[in-house]
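Peer 1: Pasting protein15.cif here (mmCIF, C-alpha atoms and all ligand atoms):
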data_my_file
#
loop_
_atom_site.label_atom_id
_atom_site.label_comp_id
_atom_site.auth_asym_id
_atom_site.auth_seq_id
_atom_site.Cartn_x
_atom_site.Cartn_y
_atom_site.Cartn_z
CA MET A 1184 138.78 206.59 -167.05
CA ASP A 1185 138.94 207.57 -163.36
CA ARG A 1186 142.04 209.04 -161.76
CA THR A 1187 143.26 205.73 -160.30
CA ASN A 1188 143.08 203.97 -163.67
CA ALA A 1189 144.74 206.92 -165.37
CA GLU A 1190 147.52 206.86 -162.77
CA ASP A 1191 148.08 203.12 -163.22
CA ALA A 1192 148.02 203.39 -167.02
CA LEU A 1193 150.50 206.25 -167.01
CA LYS A 1194 152.84 204.57 -164.55
CA ASN A 1195 152.83 201.46 -166.73
CA LEU A 1196 153.60 203.50 -169.82
CA PHE A 1197 156.49 205.25 -168.11
CA LEU A 1198 157.80 201.95 -166.76
CA GLN A 1199 157.60 200.33 -170.20
CA ILE A 1200 159.77 203.14 -171.54
CA THR A 1201 162.40 202.68 -168.86
CA ASN A 1202 162.40 198.90 -169.33
CA ALA A 1203 162.88 199.32 -173.06
CA HIS A 1204 165.93 201.52 -172.52
CA LEU A 1205 167.43 199.93 -169.43
CA LYS A 1206 167.38 196.25 -170.26
CA PRO A 1207 169.69 194.43 -170.15
CA ASP A 1208 171.96 197.16 -168.71
CA PHE A 1209 171.43 200.18 -166.51
CA SER A 1210 173.63 202.31 -168.71
CA GLN A 1211 174.37 206.01 -169.12
CA GLU A 1212 172.84 206.17 -172.59
CA GLY A 1213 169.88 204.06 -171.44
CA ILE A 1214 168.91 206.29 -168.53
CA LYS A 1215 169.36 209.45 -170.59
CA GLU A 1216 167.16 208.09 -173.38
CA ALA A 1217 164.59 206.83 -170.87
CA VAL A 1218 164.31 210.18 -169.07
CA LEU A 1219 164.10 212.08 -172.38
CA GLU A 1220 161.39 209.78 -173.71
CA ILE A 1221 159.39 210.06 -170.49
CA MET A 1222 159.68 213.85 -170.76
CA ASP A 1223 158.45 213.76 -174.38
CA LEU A 1224 155.57 211.44 -173.58
CA ALA A 1225 154.49 213.54 -170.58
CA ALA A 1226 154.63 216.69 -172.72
CA GLY A 1227 152.49 215.05 -175.41
CA ILE A 1228 149.85 213.94 -172.91
CA VAL A 1229 149.69 217.33 -171.18
CA GLU A 1230 149.51 219.16 -174.51
CA SER A 1231 146.66 217.00 -175.73
CA VAL A 1232 144.70 217.60 -172.50
CA HIS A 1233 145.25 221.34 -172.78
CA HIS A 1234 144.31 221.21 -176.45
CA THR A 1235 141.02 219.37 -175.94
CA ASP A 1236 139.87 220.90 -172.67
CA ALA A 1237 138.61 224.43 -173.25
CA GLU A 1238 138.85 225.17 -169.53
CA ASP A 1239 142.42 223.97 -169.32
CA GLN A 1240 144.07 226.81 -171.25
CA VAL A 1241 147.36 227.90 -169.75
CA GLU A 1242 149.01 231.23 -170.55
CA CYS A 1243 152.65 230.07 -170.54
CA LYS A 1244 154.66 231.10 -173.55
CA ALA A 1245 158.26 231.52 -174.71
CA GLY A 1246 160.01 234.46 -173.08
CA CYS A 1247 157.81 234.42 -169.97
CA SER A 1248 160.11 233.57 -167.12
CA TYR A 1249 158.79 234.77 -163.74
CA CYS A 1250 158.70 231.13 -162.65
CA CYS A 1251 162.43 230.80 -163.41
CA TYR A 1252 163.26 232.93 -160.36
CA ASN A 1253 162.22 230.10 -158.04
CA GLN A 1254 164.81 227.72 -156.66
CA ILE A 1255 164.12 224.29 -158.09
CA LYS A 1256 165.02 220.73 -157.18
CA LEU A 1257 165.70 217.89 -159.56
CA THR A 1258 166.61 214.22 -159.26
CA PRO A 1259 170.25 213.15 -159.76
CA ALA A 1260 169.27 211.39 -163.02
CA GLU A 1261 167.89 214.67 -164.39
CA ALA A 1262 170.93 216.60 -163.09
CA LEU A 1263 173.27 214.23 -164.91
CA LEU A 1264 171.21 214.54 -168.09
CA VAL A 1265 171.61 218.32 -167.88
CA PHE A 1266 175.32 217.89 -167.12
CA SER A 1267 175.80 215.74 -170.26
CA TRP A 1268 174.08 218.42 -172.30
CA ILE A 1269 176.25 221.27 -171.03
CA ASP A 1270 179.40 219.13 -171.09
CA THR A 1271 179.10 218.71 -174.83
CA GLY A 1272 176.97 221.71 -175.80
CA PHE A 1273 178.39 224.60 -173.75
CA THR A 1274 181.66 226.25 -174.81
CA ASP A 1275 184.45 226.69 -172.24
CA GLN A 1276 183.38 230.31 -171.93
CA ASP A 1277 179.72 229.29 -171.37
CA GLN A 1278 180.83 226.86 -168.69
CA ALA A 1279 182.98 229.50 -166.97
CA LEU A 1280 179.99 231.87 -166.90
CA LEU A 1281 177.81 229.08 -165.58
CA ARG A 1282 180.23 228.44 -162.72
CA GLU A 1283 180.05 232.12 -161.81
CA ARG A 1284 176.26 232.05 -161.79
CA ILE A 1285 176.28 228.89 -159.67
CA GLN A 1286 178.55 230.48 -157.06
CA ASN A 1287 176.50 233.67 -157.02
CA ASN A 1288 173.24 231.74 -156.67
CA ARG A 1289 174.53 229.47 -153.92
CA LEU A 1290 175.94 232.41 -152.01
CA LEU A 1291 172.63 234.26 -152.11
CA THR A 1292 170.21 231.39 -151.56
CA GLU A 1293 171.82 228.39 -149.90
CA GLY A 1294 170.78 227.87 -146.30
CA LYS A 1295 168.43 230.85 -146.51
CA SER A 1296 164.77 230.74 -145.55
CA LEU A 1297 162.13 231.19 -148.22
CA LYS A 1298 161.46 234.70 -146.92
CA ASN A 1299 165.11 235.66 -147.39
CA ARG A 1300 165.31 234.02 -150.77
CA VAL A 1301 162.33 235.99 -152.00
CA GLN A 1302 164.12 239.20 -151.02
CA VAL A 1303 167.08 238.41 -153.30
CA LYS A 1304 165.21 236.68 -156.08
CA GLU A 1305 165.91 239.33 -158.73
CA SER A 1306 169.66 238.82 -158.17
CA SER A 1307 169.37 235.04 -158.10
CA PRO A 1308 167.50 233.82 -161.17
CA CYS A 1309 167.89 230.21 -162.21
CA ILE A 1310 171.50 229.56 -163.24
CA PHE A 1311 170.27 228.57 -166.72
CA LEU A 1312 168.10 231.60 -167.39
CA GLN A 1313 169.69 233.75 -170.11
CA GLN A 1314 168.03 236.76 -171.74
CA GLY A 1315 164.68 235.55 -170.41
CA LYS A 1316 165.07 232.08 -171.92
CA CYS A 1317 166.05 228.67 -170.64
CA SER A 1318 169.51 227.77 -172.00
CA ILE A 1319 168.94 224.04 -171.41
CA TYR A 1320 165.35 223.98 -172.69
CA PRO A 1321 165.44 220.51 -174.39
CA VAL A 1322 166.68 218.88 -171.16
CA ARG A 1323 165.09 221.15 -168.56
CA PRO A 1324 163.98 219.32 -165.41
CA LEU A 1325 160.54 217.76 -164.98
CA ILE A 1326 159.56 220.24 -162.26
CA CYS A 1327 160.06 223.14 -164.71
CA ARG A 1328 157.89 221.36 -167.28
CA SER A 1329 155.13 220.90 -164.73
CA TRP A 1330 154.80 224.62 -163.99
CA THR A 1331 151.88 226.22 -165.69
CA SER A 1332 149.58 229.11 -165.02
CA TYR A 1333 146.14 230.09 -166.19
CA SER A 1334 147.14 233.68 -165.69
CA HIS A 1335 150.37 235.27 -166.84
CA LYS A 1336 149.28 238.35 -164.90
CA ALA A 1337 149.00 236.35 -161.66
CA CYS A 1338 152.62 235.19 -162.12
CA MET A 1339 153.75 238.73 -162.86
CA ASP A 1340 151.89 240.14 -159.82
CA ALA A 1341 153.30 237.42 -157.55
CA PHE A 1342 156.81 238.15 -158.79
CA GLN A 1343 156.49 241.92 -158.42
CA SER A 1344 154.84 241.79 -155.00
CA GLY A 1345 157.34 239.26 -153.66
CA ASN A 1346 154.47 237.50 -151.91
CA PRO A 1347 155.43 233.83 -151.50
CA ASN A 1348 151.79 233.04 -150.63
CA ALA A 1349 150.29 234.47 -153.81
CA GLU A 1350 147.85 231.99 -155.28
CA ILE A 1351 148.47 231.00 -158.88
CA GLU A 1352 146.00 228.68 -160.58
CA THR A 1353 147.93 225.90 -162.25
CA SER A 1354 146.95 223.01 -164.50
CA SER A 1355 146.23 219.93 -162.40
CA SER A 1356 146.78 217.70 -165.48
CA SER A 1357 150.28 219.03 -165.84
CA ASN A 1358 151.05 218.60 -162.12
CA PHE A 1359 149.63 215.07 -162.18
CA VAL A 1360 151.49 213.82 -165.28
CA TYR A 1361 154.88 215.31 -164.44
CA TYR A 1362 154.63 214.23 -160.82
CA LEU A 1363 154.13 210.64 -161.98
CA ALA A 1364 156.97 211.01 -164.47
CA ARG A 1365 159.33 212.19 -161.74
CA GLU A 1366 158.20 209.49 -159.33
CA THR A 1367 158.84 206.85 -162.03
CA VAL A 1368 162.37 208.15 -162.57
CA ARG A 1369 163.01 208.06 -158.82
CA LYS A 1370 161.51 204.59 -158.47
CA VAL A 1371 163.61 203.14 -161.31
CA CYS A 1372 166.77 204.71 -159.86
CA ARG A 1373 166.01 203.33 -156.40
CA TYR A 1374 165.39 199.91 -157.95
CA HIS A 1375 168.85 200.02 -159.53
CA GLY A 1376 170.45 201.12 -156.26
CA VAL A 1377 171.51 204.60 -157.31
CA ASP A 1378 170.89 207.92 -155.59
CA SER A 1379 167.40 209.20 -156.44
CA GLU A 1380 166.68 211.97 -153.93
CA PRO A 1381 165.98 215.40 -155.42
CA LEU A 1382 168.45 218.18 -154.67
CA GLU A 1383 168.79 221.82 -155.57
CA LEU A 1384 169.82 222.62 -159.13
CA PRO A 1385 172.82 224.96 -158.47
CA ARG A 1386 174.25 222.59 -155.90
CA ALA A 1387 173.77 219.58 -158.19
CA MET A 1388 175.42 221.30 -161.15
CA ASP A 1389 178.28 222.55 -158.97
CA TYR A 1390 179.01 219.00 -157.98
CA CYS A 1391 178.79 217.67 -161.54
CA LEU A 1392 181.16 220.34 -162.87
CA ALA A 1393 183.68 219.96 -160.05
CA ASN A 1394 184.11 216.19 -160.27
CA ASN A 1395 185.52 213.71 -162.68
CA ASP A 1396 183.05 211.52 -164.58
CA PRO A 1397 180.12 211.93 -162.15
CA PHE A 1398 177.74 209.98 -164.39
CA THR A 1399 179.76 206.75 -164.24
CA ARG A 1400 180.32 207.04 -160.52
CA TRP A 1401 176.62 207.63 -159.88
CA LEU A 1402 175.78 204.58 -162.03
CA GLN A 1403 178.17 202.54 -159.91
CA GLY A 1404 176.11 203.42 -156.85
CA GLU A 1405 178.30 206.11 -155.30
CA HIS A 1406 176.26 208.53 -153.20
CA LEU A 1407 178.03 211.42 -154.76
CA PHE A 1408 175.61 214.13 -153.81
CA ASP A 1409 175.76 213.16 -150.12
CA ARG A 1410 179.21 214.72 -149.97
CA LEU A 1411 177.57 218.08 -150.20
CA PRO A 1412 175.94 219.63 -147.14
CA GLU A 1413 172.68 217.91 -146.19
CA CYS A 1414 169.99 219.05 -148.59
CA ARG A 1415 167.15 219.07 -146.14
CA ASP A 1416 168.43 221.17 -143.29
CA LEU A 1417 165.78 223.19 -141.54
CA GLU A 1418 166.83 226.61 -142.82
CA ASP A 1419 167.17 225.33 -146.33
CA THR A 1420 163.74 223.84 -146.64
CA GLU A 1421 161.67 225.99 -144.36
CA SER A 1422 158.34 226.14 -146.05
CA THR A 1423 156.07 229.06 -146.37
CA PHE A 1424 154.08 227.70 -143.46
CA MET A 1425 157.11 227.31 -141.25
CA ASP A 1426 158.22 230.79 -142.13
CA ILE A 1427 155.03 232.72 -141.89
CA GLN A 1428 151.88 230.75 -141.23
CA VAL A 1429 152.96 228.47 -138.40
CA PRO A 1430 154.12 231.31 -136.09
CA SER A 1431 150.96 233.20 -136.92
CA PHE A 1432 148.89 230.07 -136.21
CA LEU A 1433 150.65 229.53 -132.89
CA ASP A 1434 150.00 233.16 -131.87
CA ARG A 1435 146.30 232.40 -132.05
CA PHE A 1436 146.00 228.70 -131.25
CA SER A 1437 147.66 225.90 -129.34
CA LEU A 1438 147.62 222.18 -130.09
CA SER A 1439 147.68 219.33 -127.62
CA TYR A 1440 147.33 215.62 -128.15
CA GLN A 1441 146.35 212.30 -126.66
CA ARG A 1442 147.88 209.09 -127.93
CA ASP A 1443 146.04 205.80 -127.87
CA GLY A 1444 148.30 203.12 -129.38
CA SER A 1445 148.64 203.85 -133.07
CA CYS A 1446 146.10 206.72 -132.95
CA ILE A 1447 146.62 210.31 -131.91
CA GLU A 1448 143.79 212.73 -131.30
CA TYR A 1449 144.66 216.42 -131.45
CA PHE A 1450 142.87 219.24 -129.65
CA LEU A 1451 142.91 222.76 -131.00
CA TYR A 1452 142.57 225.57 -128.47
CA SER A 1453 141.72 229.14 -129.49
CA ARG A 1454 143.58 231.71 -127.37
CA GLU A 1455 141.10 234.43 -128.43
CA LYS A 1456 138.01 232.39 -127.60
CA GLU A 1457 139.69 230.76 -124.63
CA ARG A 1458 138.22 227.39 -125.45
CA GLU A 1459 138.84 224.27 -127.45
CA ILE A 1460 137.32 224.61 -130.91
CA SER A 1461 138.15 221.32 -132.63
CA THR A 1462 136.37 218.01 -132.91
CA GLU A 1463 137.79 214.75 -134.14
CA LEU A 1464 141.27 215.68 -135.30
CA VAL A 1465 142.60 212.14 -135.52
CA LEU A 1466 145.70 210.67 -137.14
CA SER A 1467 146.69 207.01 -137.10
CA TYR A 1468 149.79 205.18 -138.22
CA ASP A 1469 149.86 201.83 -139.96
CA ALA A 1470 153.34 200.46 -139.28
CA TYR A 1471 152.83 197.59 -141.76
CA SER A 1472 152.17 199.80 -144.78
CA LYS A 1473 154.17 202.68 -143.23
CA SER A 1474 151.38 205.14 -143.89
CA LEU A 1475 149.81 207.95 -141.92
CA ASN A 1476 146.03 208.06 -142.12
CA VAL A 1477 144.21 211.28 -141.41
CA SER A 1478 140.97 209.76 -140.16
CA LYS A 1479 139.37 213.13 -139.51
CA PHE A 1480 140.56 216.60 -140.26
CA TYR A 1481 137.96 219.12 -139.32
CA PRO A 1482 139.66 221.77 -137.21
CA GLU A 1483 136.61 224.07 -137.26
CA LEU A 1484 138.77 226.96 -138.35
CA TYR A 1485 136.43 227.96 -141.13
CA ARG A 1486 135.08 230.95 -139.22
CA GLU A 1487 138.57 232.35 -138.70
CA THR A 1488 140.28 234.95 -140.86
CA ILE A 1489 142.61 233.41 -143.47
CA HIS A 1490 141.15 230.10 -142.36
CA LYS A 1491 142.75 228.09 -145.19
CA TYR A 1492 146.23 229.14 -144.11
CA MET A 1493 145.40 228.41 -140.48
CA SER A 1494 144.05 224.96 -141.41
CA ALA A 1495 147.12 224.29 -143.52
CA ALA A 1496 149.45 225.25 -140.65
CA CYS A 1497 147.42 223.05 -138.29
CA LEU A 1498 147.64 220.03 -140.61
CA PHE A 1499 151.34 220.66 -141.24
CA LEU A 1500 152.09 220.65 -137.51
CA MET A 1501 149.92 217.61 -136.80
CA ILE A 1502 151.51 215.49 -139.52
CA ASN A 1503 155.04 216.43 -138.54
CA HIS A 1504 154.26 215.86 -134.88
CA ALA A 1505 152.68 212.45 -135.56
CA ALA A 1506 155.70 211.50 -137.67
CA SER A 1507 158.00 212.30 -134.75
CA VAL A 1508 155.80 210.42 -132.25
CA PHE A 1509 155.65 207.32 -134.45
CA GLY A 1510 159.35 207.59 -135.32
CA ILE A 1511 158.87 207.83 -139.08
CA HIS A 1512 162.35 208.24 -140.51
CA ARG A 1513 161.69 207.64 -144.17
CA ASP A 1514 159.34 209.25 -146.66
CA SER A 1515 155.88 207.73 -146.10
CA PHE A 1516 152.44 207.97 -147.60
CA ILE A 1517 149.65 210.05 -146.08
CA PHE A 1518 146.08 209.00 -146.82
CA LEU A 1519 142.85 210.87 -146.21
CA GLU A 1520 139.35 211.11 -147.55
CA THR A 1521 137.76 214.41 -148.44
CA ARG A 1522 135.30 216.06 -150.77
CA ASN A 1523 136.46 216.70 -154.35
CA GLN A 1524 135.92 220.41 -153.94
CA ILE A 1525 137.95 220.55 -150.73
CA PHE A 1526 140.75 218.67 -152.48
CA GLU A 1527 140.79 221.25 -155.28
CA ASP A 1528 140.54 224.23 -152.92
CA PHE A 1529 142.79 223.06 -150.15
CA TYR A 1530 144.81 219.84 -150.28
CA SER A 1531 146.00 220.18 -153.89
CA ARG A 1532 147.60 223.51 -152.90
CA LEU A 1533 149.62 222.19 -149.98
CA LYS A 1534 153.00 221.96 -151.65
CA ASP A 1535 154.67 220.27 -148.67
CA PHE A 1536 152.82 216.99 -149.11
CA ASP A 1537 152.37 216.48 -152.90
CA PHE A 1538 148.71 215.51 -152.42
CA LEU A 1539 147.02 213.80 -155.37
CA ILE A 1540 143.63 212.18 -155.82
CA HIS A 1541 144.35 208.51 -155.36
CA HIS A 1542 140.86 207.24 -155.95
CA GLU A 1543 137.73 209.03 -157.05
CA ARG A 1544 134.78 207.75 -155.12
CA THR A 1545 131.23 207.85 -156.28
CA GLY A 1546 129.44 211.07 -155.49
CA THR A 1547 131.48 213.99 -154.30
CA ASN A 1548 134.20 212.34 -152.24
CA CYS A 1549 137.69 211.20 -153.11
CA ASN A 1550 140.62 209.42 -151.49
CA VAL A 1551 143.76 211.51 -151.40
CA ARG A 1552 147.33 210.33 -151.15
CA GLY A 1553 150.25 212.51 -150.20
CA ILE A 1554 153.88 212.05 -149.26
CA TYR A 1555 155.39 212.88 -145.91
CA HIS A 1556 158.95 214.02 -146.49
CA VAL A 1557 161.12 213.73 -143.42
CA LEU A 1558 161.93 217.24 -142.21
CA PRO A 1559 163.40 218.47 -138.94
CA VAL A 1560 160.29 220.43 -137.99
CA GLU A 1561 159.92 221.79 -134.46
CA THR A 1562 156.74 220.36 -132.88
CA SER A 1563 157.65 220.36 -129.18
CA MET A 1564 155.01 223.07 -128.57
CA ILE A 1565 152.37 220.33 -129.07
CA THR A 1566 152.07 218.89 -125.57
CA PRO A 1567 150.04 216.05 -124.03
CA ALA A 1568 146.50 217.31 -123.45
CA GLU A 1569 146.50 216.83 -119.69
CA GLN A 1570 149.57 219.07 -119.28
CA ILE A 1571 147.79 222.17 -120.52
CA PRO A 1572 146.04 223.95 -117.65
CA GLU A 1573 143.47 225.71 -119.82
CA MET A 1574 142.52 222.38 -121.41
CA ALA A 1575 141.74 220.94 -117.99
CA ALA A 1576 139.38 223.83 -117.33
CA VAL A 1577 137.33 223.23 -120.48
S1 LIG B 1601 154.15 229.61 -165.07
FE1 LIG B 1601 153.72 231.81 -165.15
S2 LIG B 1601 155.74 232.78 -165.31
FE2 LIG B 1601 155.99 230.62 -165.85
S3 LIG B 1601 155.79 230.60 -168.10
FE3 LIG B 1601 153.76 230.16 -167.22
S4 LIG B 1601 152.74 232.16 -167.16
FE4 LIG B 1601 154.95 232.54 -167.38
S1 LIG B 1602 166.05 225.13 -165.84
FE1 LIG B 1602 165.21 226.46 -167.42
S2 LIG B 1602 162.98 226.28 -167.21
FE2 LIG B 1602 163.88 225.50 -165.31
S3 LIG B 1602 163.93 227.25 -163.91
FE3 LIG B 1602 165.91 227.18 -164.99
S4 LIG B 1602 165.70 228.53 -166.76
FE4 LIG B 1602 163.64 228.06 -166.00
#
Before we go any further, please render this structure as structure tokens.

Peer 2:
Amino acid sequence: MDRTNAEDALKNLFLQITNAHLKPDFSQEGIKEAVLEIMDLAAGIVESVHHTDAEDQVECKAGCSYCCYNQIKLTPAEALLVFSWIDTGFTDQDQALLRERIQNNRLLTEGKSLKNRVQVKESSPCIFLQQGKCSIYPVRPLICRSWTSYSHKACMDAFQSGNPNAEIETSSSSNFVYYLARETVRKVCRYHGVDSEPLELPRAMDYCLANNDPFTRWLQGEHLFDRLPECRDLEDTESTFMDIQVPSFLDRFSLSYQRDGSCIEYFLYSREKEREISTELVLSYDAYSKSLNVSKFYPELYRETIHKYMSAACLFLMINHAASVFGIHRDSFIFLETRNQIFEDFYSRLKDFDFLIHHERTGTNCNVRGIYHVLPVETSMITPAEQIPEMAAV
């Protein structure tokens, strides 16, 4: 079965589960049961892939918790599932301690850049991490379930070095299955008119604990979590590239563009070489399907040092710039075609866009689909091509 068929089959399975639990009513028990069953099914599928594929052996085990020092996001439906669990399963004393951990975590991490968060990570573990174990393990969020590593040592080294760019090989099956599971939960919630946007775990739990009957109010369509500060402010969601790679990219290169209707061509100029080095960096926007298409992405950065990071920063800036030019205000799809190997080595690692293989083509190529999340990213340094003097001289 190719990836597209597998994706369709899985989505259908997840949707069948939600239909079974949510018809005729979109109820509290129904959504809890649906999310739990989706989690169980996803776990079973991922386990069976890991069990049968000798090359897909992850090193995650109980008590290993370096990944629990990351700040995670979860959907409101998952947050309310966790809330129900702690509401009935945590003692008053447990809940009081949890509130303390939430306040401590929010104080240290909220509104901070990734770089600053990494510096305080040892003092800001996940609010549910206790003695190296997850205290809500049976209802832990989908994103936590998706984390895997082929090397426990790589996780340990990344944690100890504090390097947010450390590369950790993860299981693509796990990423794929849990991503679809989470997207199904979001889609079903959107369909029923309730808040579905992911938000940070401490903030979500703070809200749930501070308010009366949040589950019922969420089911009634109240946008409860919107009362909290906007989740996607620039400081809060600055990515690794915004923090580190984009400034470093802009020290060495500049980008300019030319728009022709729904197409934008970008030009990449090397300050060191004092010449344009790119060919055919083209993005187009299909307003009907609300999708960005990366027709060509070949920035010719492969001869540069840390060329993958430079390419990633370049793509990140181009996509965010195109989104602002075309006035994309909602999450949209991004489509591109590439070679399978380049997908594995490059696109699958770009966390900002959730790239997945959408369709495996014959031979070595594949179609890739990602998601553009609306972010307030600064792209004003990308200017029309004719306004750059050095471009005119080339
Ligand atoms: S992802 Fe890494 S840190 Fe987390 S359990 Fe697996 S090996 Fe341990
Ligand atoms: S919820 Fe549990 S698994 Fe997820 S980060 Fe927190 S402690 Fe780790």

Peer 1: Show me the residues around (153.4, 234.9, -153.1) - criterion: an atom at most 12 Å away, only C-alpha atoms counted - as a PyMOL selection string.

Peer 2: chain A and resi 1249-1250+1253+1297-1298+1301-1302+1337-1351+1423+1427

Peer 1: Please return as a PyMOL selection string the residues found within 6 Å of ligand LIG 1602 (chain B), counting all atoms listed in the file.

Peer 2: chain A and resi 1251+1309+1311-1312+1317+1319-1320+1323+1327

Peer 1: Ligand LIG 1601 (chain B): which residues are within 8 Å, counting only C-alpha atoms and all ligand atoms? Reply as a VMD selection string.

Peer 2: chain A and resid 1241 to 1251 1330 to 1339 1353

Peer 1: Identify, on the basis of only C-alpha atoms, every residue whose closest approach to Phe1509 (chain A) does not exceed 8 Å; exclude the query and any residue fewer than 3 positions from it along the same chain; express the result as a list in words.

Peer 2: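 Those residues are Ser1445, Tyr1468, Ala1505 and Ala1506 of chain A.
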
Peer 1: Keeping only C-alpha atoms, take the residues you just selected and write them out as a CSV table (one decimal), in the frame of the given file.

Peer 2:
chain,number,residue,atom,x,y,z
A,1445,SER,CA,148.6,203.8,-133.1
A,1468,TYR,CA,149.8,205.2,-138.2
A,1505,ALA,CA,152.7,212.4,-135.6
A,1506,ALA,CA,155.7,211.5,-137.7

Peer 1: Can you tell me how far CA of Ser1531 (chain A) sits from CA of Leu1219 (chain A), in Å to one decimal?

Peer 2: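 Between these atoms lies a distance of 27.1 Å.
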
Peer 1: Check the smallest atom-to-atom distance from each of A:Val1229, A:Glu1527, A:Ile1269, A:Ser1356 to Pro1321 (chain A) using all atoms listed in the file, then report the winner.

Peer 2: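 Looking at the shortest contact to Pro1321 (chain A), the residue is A:Ile1269.
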
Peer 1: Closest to Gln1211 (chain A) among A:Ser1437, A:Asn1299, A:Ser1267, A:Asn1395, using only C-alpha atoms?

Peer 2: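 Closest to Gln1211 (chain A), using only C-alpha atoms: A:Ser1267.
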
Peer 1: When distances are computed from all atoms listed in the file, which of A:Gln1276, A:Ser1439, A:Gln1428, A:Thr1201 shows the smallest separation from Ala1364 (chain A)?

Peer 2: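 Answer, going by the shortest atom-to-atom distance: A:Thr1201.
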
Peer 1: Could you list, as a list in words, every residue within 8 Å of region 1561-1563 of chain A, counting only C-alpha atoms and ignoring same-chain residues fewer than 3 positions away?

Peer 2: Leu1500, Asn1503, His1504 and Thr1566 of chain A

Peer 1: With distances taken over all atoms listed in the file, which of A:Lys1256, A:His1556, A:Lys1491, A:Lys1534 is nearest to Ser1515 (chain A)?

Peer 2: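 Closest candidate: A:His1556.
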
Peer 1: Using only C-alpha atoms, pick whichever of A:Tyr1492, A:Tyr1361, A:Phe1197, A:Tyr1390 has the shortest atom-to-atom distance to His1406 (chain A).

Peer 2: A:Tyr1390

Peer 1: What's around Asp1396 (chain A) at 12 Å? Count all atoms listed in the file, leave out sequence neighbours fewer than 2 positions away in its own chain, and write the answer as an MDAnalysis selection string.

Peer 2: chainID A and resid 1211 1263 1266:1267 1270 1390:1394 1398:1403 1405 1407

Peer 1: Select, from A:Ala1260, A:Leu1533, A:Ala1495, A:Leu1224, the residue with the minimum atom-to-atom distance to Val1377 (chain A), counting only C-alpha atoms.

Peer 2: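 Counting only C-alpha atoms, the residue closest to Val1377 (chain A) is A:Ala1260.
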
Peer 1: Would you compute an axis-aligned box for region 1192-1195 of chain A, covering every atom listed for it in the file with 5 Å of margin on each side, and report centre and edge lengths in Å to one decimal as JSON?

Peer 2:
{"center_x": 150.4, "center_y": 203.9, "center_z": -165.8, "size_x": 14.8, "size_y": 14.8, "size_z": 12.5}

Peer 1: Fewer than 5 positions away in the same chain doesn't count, so skip those; otherwise give me all residues within 12 Å of Val1368 (chain A), counting all atoms listed in the file, as a CSV table (one decimal) with C-alpha atoms, in the frame of the given file.

Peer 2:
chain,number,residue,atom,x,y,z
A,1194,LYS,CA,152.8,204.6,-164.6
A,1197,PHE,CA,156.5,205.2,-168.1
A,1198,LEU,CA,157.8,202.0,-166.8
A,1199,GLN,CA,157.6,200.3,-170.2
A,1200,ILE,CA,159.8,203.1,-171.5
A,1201,THR,CA,162.4,202.7,-168.9
A,1202,ASN,CA,162.4,198.9,-169.3
A,1205,LEU,CA,167.4,199.9,-169.4
A,1214,ILE,CA,168.9,206.3,-168.5
A,1215,LYS,CA,169.4,209.4,-170.6
A,1216,GLU,CA,167.2,208.1,-173.4
A,1217,ALA,CA,164.6,206.8,-170.9
A,1218,VAL,CA,164.3,210.2,-169.1
A,1219,LEU,CA,164.1,212.1,-172.4
A,1220,GLU,CA,161.4,209.8,-173.7
A,1221,ILE,CA,159.4,210.1,-170.5
A,1222,MET,CA,159.7,213.8,-170.8
A,1257,LEU,CA,165.7,217.9,-159.6
A,1258,THR,CA,166.6,214.2,-159.3
A,1259,PRO,CA,170.2,213.2,-159.8
A,1260,ALA,CA,169.3,211.4,-163.0
A,1261,GLU,CA,167.9,214.7,-164.4
A,1324,PRO,CA,164.0,219.3,-165.4
A,1325,LEU,CA,160.5,217.8,-165.0
A,1361,TYR,CA,154.9,215.3,-164.4
A,1362,TYR,CA,154.6,214.2,-160.8
A,1363,LEU,CA,154.1,210.6,-162.0
A,1373,ARG,CA,166.0,203.3,-156.4
A,1374,TYR,CA,165.4,199.9,-158.0
A,1375,HIS,CA,168.8,200.0,-159.5
A,1377,VAL,CA,171.5,204.6,-157.3
A,1378,ASP,CA,170.9,207.9,-155.6
A,1379,SER,CA,167.4,209.2,-156.4
A,1380,GLU,CA,166.7,212.0,-153.9
A,1381,PRO,CA,166.0,215.4,-155.4

Peer 1: Just the residues within 6 Å of Glu1448 (chain A), please, counting all atoms listed in the file, with nothing from its chain fewer than 2 positions along; format it as a short mmCIF file (atom, residue, chain, number, x, y, z; two decimals) with C-alpha atoms, keeping the file's coordinate frame.

Peer 2:
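Now in selection-v7.cif:
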data_model
loop_
_atom_site.label_atom_id
_atom_site.label_comp_id
_atom_site.auth_asym_id
_atom_site.auth_seq_id
_atom_site.Cartn_x
_atom_site.Cartn_y
_atom_site.Cartn_z
CA TYR A 1440 147.33 215.62 -128.15
CA GLN A 1441 146.35 212.30 -126.66
CA LEU A 1464 141.27 215.68 -135.30
CA VAL A 1465 142.60 212.14 -135.52
#

Peer 1: Suppose you want the space between CA of Cys1372 (chain A) and CA of Ile1326 (chain A); what is it in Å?

Peer 2: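 Pair CA of Cys1372 (chain A) / CA of Ile1326 (chain A) returns 17.3 Å.
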
Peer 1: What gap, in Å, lies between CA of Ala1496 (chain A) and CA of Asn1523 (chain A)?

Peer 2: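 Separation between CA of Ala1496 (chain A) and CA of Asn1523 (chain A): 20.7 Å.
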